[in-house]
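Below you'll find the structure, written out as structure tokens, and then a few comments.
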Amino acid sequence: EERLARILDLPKVELHLHHEGAAPPAFIRGLAQEKSVDLTGVFDEHGAYAYRDFVHFLSVYEAATQVLQTPQDYYRLTKAVLEESAANGVIYSETFLSPDFCGGSDVGAWREYLHAIREAADEAEKTDGIVLRGIITCIRHFGPEKAKASALCAAETAGDWIVGFGIAGDENKGKPRDFSYAFDMAREAGLRLTAHAGEFGGARSVYDAVTDLGVERIGHGVRAIEDLRVVDMLAEKGIVLEVCPGSNVTLGVFPSFAAHPIERLRERGVTVTVSTDDPPFFHTTMKREYEHLARTFGWDEETLTEIARNSANAAFCDDTTRAAIL
Ligand code: ADE
Ligand code: ZN
């Protein structure tokens, strides 16, 4: 157990975290009360986020974002999120930020939201030493037109601490190539690319995201395991997986940690990293993810140090920032 304590205290690098999805329930409830927003159906009787399945989770997530109405709300959210991450030993975090939730893809409003988030991040960096970078994210079930508007916002604010572009949302809505235009725009603006795939879609969905969007990382990607040719392609191309085991088990993608393919993917040569996705929704934290991996697969300090190094190497930050977290 001394061994476990050492593992939990390791410095961690998180690459897959949804900004609103990391909001503590009490934080969202507090804002709801201040603003008299009715959040019936968002929480269960214990005050935890309540949802039946993945698609319902997405709708509860969106309902909770109704209380986030101003840049100042995102300033407060960012403070709460980074404080929790830092308490888990996270030294560098990339979070998904969506214009759809921050002013609705108006570029002027978007800049104000980013400014507020950056202000909170600067303070967290000073007090807790945690570094934040942003990945601008379109939402698949909002469709390709909204995705283009998000890509435009991303292109307008690329550089500095906005380092990537991605896509989240319902993987069973549309195809990756429907979003090629948005991804091309983001790439031309110098942003690095990632896409959610292989979570509620199979191996083909992972293959399509890599070939049609040209991403260098995949959010989840774990169902590539259903076709070893796709697993081998990920290994050969050096595509990095942002694996969120607790999220997958809670959403029923796999029945248990023991059944999770992270260890098999790693053994077959895929570069894997570990993140939490939406920690309070899935009752997880980075420490809990590390504990599950240590207990389930016997991952030791050396293995988890390698995982953090994988994350630092795959982070979308500049090399000076990378050197500080390697
Ligand atoms: N948005 C927030 N969490 C997500 C997930 N796990 N998959 C897809 N979209 C999301
Ligand atoms: Zn995600």
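Each chain of the structure tokens is named A, B, ... in the order shown, its residues numbered from 1; ligands are numbered from 1 in display order.
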Spatial neighbours of stretch 80-93 of chain A, max dist 8 Å, only C-alpha atoms, sep filter under 2 positions, as an NGL selection string:
:A and (9-17 or 19 or 22-24 or 27 or 76-78 or 95 or 121 or 124 or 128-133 or 285-287 or 325)
Writer output for current selection, N, CA and C atoms, as an mmCIF file, in the first residue's frame:
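Here's the written file part-v8.cif:
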data_model
loop_
_atom_site.group_PDB
_atom_site.id
_atom_site.type_symbol
_atom_site.label_atom_id
_atom_site.label_comp_id
_atom_site.auth_asym_id
_atom_site.auth_seq_id
_atom_site.Cartn_x
_atom_site.Cartn_y
_atom_site.Cartn_z
ATOM 1 N N ASP A 9 0.696 9.519 -6.028
ATOM 2 C CA ASP A 9 1.361 10.816 -5.917
ATOM 3 C C ASP A 9 2.181 11.202 -7.145
ATOM 4 N N LEU A 10 2.259 10.310 -8.133
ATOM 5 C CA LEU A 10 3.032 10.628 -9.345
ATOM 6 C C LEU A 10 2.467 11.878 -10.034
ATOM 7 N N PRO A 11 3.346 12.693 -10.623
ATOM 8 C CA PRO A 11 2.841 13.817 -11.423
ATOM 9 C C PRO A 11 2.115 13.290 -12.662
ATOM 10 N N LYS A 12 0.968 13.916 -12.970
ATOM 11 C CA LYS A 12 0.116 13.415 -14.052
ATOM 12 C C LYS A 12 -0.105 14.475 -15.128
ATOM 13 N N VAL A 13 -0.273 13.997 -16.354
ATOM 14 C CA VAL A 13 -0.527 14.874 -17.498
ATOM 15 C C VAL A 13 -1.826 14.408 -18.139
ATOM 16 N N GLU A 14 -2.833 15.296 -18.164
ATOM 17 C CA GLU A 14 -4.152 14.896 -18.668
ATOM 18 C C GLU A 14 -4.436 15.556 -20.018
ATOM 19 N N LEU A 15 -4.834 14.747 -20.995
ATOM 20 C CA LEU A 15 -5.041 15.244 -22.364
ATOM 21 C C LEU A 15 -6.501 15.256 -22.800
ATOM 22 N N HIS A 16 -7.377 14.670 -22.002
ATOM 23 C CA HIS A 16 -8.773 14.530 -22.436
ATOM 24 C C HIS A 16 -9.714 14.861 -21.275
ATOM 25 N N LEU A 17 -10.149 16.133 -21.242
ATOM 26 C CA LEU A 17 -11.016 16.598 -20.160
ATOM 27 C C LEU A 17 -11.970 17.648 -20.723
ATOM 28 N N HIS A 19 -14.297 20.692 -20.384
ATOM 29 C CA HIS A 19 -14.309 21.778 -19.394
ATOM 30 C C HIS A 19 -15.616 21.773 -18.584
ATOM 31 N N ALA A 22 -16.257 18.701 -16.341
ATOM 32 C CA ALA A 22 -15.456 18.605 -15.123
ATOM 33 C C ALA A 22 -16.057 19.437 -13.993
ATOM 34 N N ALA A 23 -17.191 20.089 -14.262
ATOM 35 C CA ALA A 23 -17.804 20.959 -13.243
ATOM 36 C C ALA A 23 -18.349 20.143 -12.079
ATOM 37 N N PRO A 24 -17.902 20.443 -10.856
ATOM 38 C CA PRO A 24 -18.482 19.738 -9.702
ATOM 39 C C PRO A 24 -19.989 20.014 -9.631
ATOM 40 N N PHE A 27 -21.028 23.045 -7.726
ATOM 41 C CA PHE A 27 -20.740 24.295 -8.432
ATOM 42 C C PHE A 27 -21.902 24.646 -9.368
ATOM 43 N N ARG A 76 -15.018 31.254 -13.056
ATOM 44 C CA ARG A 76 -15.247 30.487 -11.819
ATOM 45 C C ARG A 76 -15.165 28.984 -12.081
ATOM 46 N N LEU A 77 -15.725 28.542 -13.201
ATOM 47 C CA LEU A 77 -15.643 27.115 -13.557
ATOM 48 C C LEU A 77 -14.188 26.678 -13.686
ATOM 49 N N THR A 78 -13.409 27.494 -14.378
ATOM 50 C CA THR A 78 -12.003 27.144 -14.612
ATOM 51 C C THR A 78 -11.239 27.020 -13.300
ATOM 52 N N THR A 95 -7.903 20.960 -21.960
ATOM 53 C CA THR A 95 -9.352 20.797 -21.837
ATOM 54 C C THR A 95 -10.050 21.186 -23.135
ATOM 55 N N ALA A 121 -6.791 30.516 -15.445
ATOM 56 C CA ALA A 121 -5.688 29.567 -15.631
ATOM 57 C C ALA A 121 -4.359 30.176 -15.187
ATOM 58 N N ALA A 124 -4.281 29.921 -11.476
ATOM 59 C CA ALA A 124 -4.061 28.534 -11.037
ATOM 60 C C ALA A 124 -2.608 28.126 -11.278
ATOM 61 N N ASP A 128 -0.997 26.910 -8.006
ATOM 62 C CA ASP A 128 -0.910 25.439 -7.947
ATOM 63 C C ASP A 128 0.094 24.848 -8.924
ATOM 64 N N GLY A 129 0.678 25.673 -9.786
ATOM 65 C CA GLY A 129 1.668 25.172 -10.729
ATOM 66 C C GLY A 129 1.090 24.364 -11.873
ATOM 67 N N ILE A 130 -0.242 24.341 -12.004
ATOM 68 C CA ILE A 130 -0.847 23.560 -13.094
ATOM 69 C C ILE A 130 -0.938 24.408 -14.362
ATOM 70 N N VAL A 131 -0.604 23.786 -15.492
ATOM 71 C CA VAL A 131 -0.594 24.484 -16.787
ATOM 72 C C VAL A 131 -1.806 24.037 -17.608
ATOM 73 N N LEU A 132 -2.551 25.003 -18.157
ATOM 74 C CA LEU A 132 -3.728 24.685 -18.976
ATOM 75 C C LEU A 132 -3.507 25.076 -20.435
ATOM 76 N N ARG A 133 -3.875 24.167 -21.339
ATOM 77 C CA ARG A 133 -3.939 24.482 -22.764
ATOM 78 C C ARG A 133 -5.336 24.100 -23.261
ATOM 79 N N THR A 285 -11.523 10.398 -10.778
ATOM 80 C CA THR A 285 -10.483 11.425 -10.687
ATOM 81 C C THR A 285 -9.232 10.786 -11.290
ATOM 82 N N MET A 286 -8.201 11.582 -11.536
ATOM 83 C CA MET A 286 -6.966 10.984 -12.067
ATOM 84 C C MET A 286 -6.381 9.980 -11.073
ATOM 85 N N LYS A 287 -6.476 10.273 -9.775
ATOM 86 C CA LYS A 287 -5.963 9.312 -8.793
ATOM 87 C C LYS A 287 -6.731 8.000 -8.853
ATOM 88 N N ILE A 325 7.307 19.450 -18.353
ATOM 89 C CA ILE A 325 6.415 18.407 -17.820
ATOM 90 C C ILE A 325 6.921 17.006 -18.111
#
Got a sec to check which residues lie within 7 Å of ligand 2, using only C-alpha atoms and all ligand atoms, and send them as number ranges by chain?
A: 16-18, 168, 196, 219, 277
Quick one: write out the picked residues with C-alpha atoms as a compact mmCIF listing (two decimals), in the first residue's frame?
# COMPACT_ATOMS: atom_id res chain seq x y z
CA HIS A 16 -8.77 14.53 -22.44
CA LEU A 17 -11.02 16.60 -20.16
CA HIS A 18 -14.25 18.37 -21.08
CA ALA A 168 -16.91 15.38 -29.34
CA HIS A 196 -13.52 11.32 -30.40
CA GLY A 219 -10.25 10.50 -28.01
CA ASP A 277 -13.15 12.68 -19.62
Spatial neighbours of stretch 205-215 of chain A, 9 Å, only C-alpha atoms, chain gap at least 3 places, as a VMD selection string:
chain A and resid 166 171 175 to 177 179 to 181 183 to 184 192 to 202 218 221 to 224 230 233 to 234 239
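One finds atom CA of A:Cys102 at 11.0 Å from atom CA of A:Ala116.
Distances from A:Leu68, A:Leu58, A:Ala186, A:Leu228 to A:Val37 were compared using only C-alpha atoms, and the smallest one belongs to A:Leu68.
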Please give the complete set of residues from stretch 193-255 of chain A that DSSP, run on the backbone, assigns to strand (DSSP E), formatted as a short mmCIF file (atom, residue, chain, number, x, y, z; two decimals) with C-alpha atoms, in the first residue's frame.
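Here's the written file states-v1.cif:
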data_model
loop_
_atom_site.label_atom_id
_atom_site.label_comp_id
_atom_site.auth_asym_id
_atom_site.auth_seq_id
_atom_site.Cartn_x
_atom_site.Cartn_y
_atom_site.Cartn_z
CA LEU A 193 -5.99 17.70 -34.27
CA THR A 194 -7.82 15.06 -32.25
CA ALA A 195 -11.25 13.42 -32.60
CA HIS A 196 -13.52 11.32 -30.40
CA ALA A 197 -13.90 7.92 -32.08
CA ARG A 217 -4.64 11.68 -31.53
CA ILE A 218 -7.92 9.89 -30.96
CA GLY A 219 -10.25 10.50 -28.01
CA HIS A 220 -10.92 7.01 -26.63
CA VAL A 240 -1.93 8.39 -29.63
CA LEU A 241 -5.05 7.25 -27.77
CA GLU A 242 -6.57 9.45 -25.05
CA VAL A 243 -7.95 6.56 -23.02
#
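Near A:Gly134, within a cut-off of 8 Å and counting only C-alpha atoms, sit the residues Glu94, Thr95, Phe96, Leu97, Trp161, Ile162, Val163 and Gly164 of chain A, with same-chain residues fewer than 3 positions away left out.
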Could you tell me how far atom CA of A:Asp178 sits from atom CA of A:Ile136, in Å to one decimal place?
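Taking atom CA of A:Ile136 and atom CA of A:Asp178, their separation equals 17.5 Å.
Of the residues under consideration (A:Val55, A:Ala258, A:Ala151, A:Val270), A:Val55 shows the shortest atom-to-atom contact distance to ligand 1 when counting only C-alpha atoms and all ligand atoms.
For the residues A:Thr305, A:Asn310, A:Thr250, A:Thr273, ranking by smallest atom-to-atom distance to ligand 1 using only C-alpha atoms and all ligand atoms places A:Thr250 first.
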From a DSSP pass on the backbone, collect the residues of stretch 128-267 of chain A flagged as alpha helix (DSSP H) and hand them back as an MDAnalysis selection string.
chainID A and resid 128 144:157 180:188 203:213 228:237 245:250 262:267
Check the smallest atom-to-atom distance from each of A:Asn313, A:Thr65, A:Thr303, A:Ser105 to ligand 1 using only C-alpha atoms and all ligand atoms, then report the winner.
A:Thr65
Calculated over only C-alpha atoms and all ligand atoms, which of the candidates A:Leu8, A:Ala149, A:Val60, A:Cys317 has the smallest distance to ligand 1?
A:Val60
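Here atom CA of A:Val42 stands at a distance of 19.9 Å from atom CA of A:His141.
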Taking only C-alpha atoms and all ligand atoms into account, name the residue in A:Trp299, A:Tyr74, A:Tyr290, A:Phe282 that is nearest to ligand 1.
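With only C-alpha atoms and all ligand atoms as the atom set, the closest residue is A:Phe282.
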Which residues are near A:Phe54? Cut-off 9 Å, only C-alpha atoms, ignore same chain within fewer than 6 positions. Put them as a PyMOL selection string.
chain A and resi 170+200+251-252
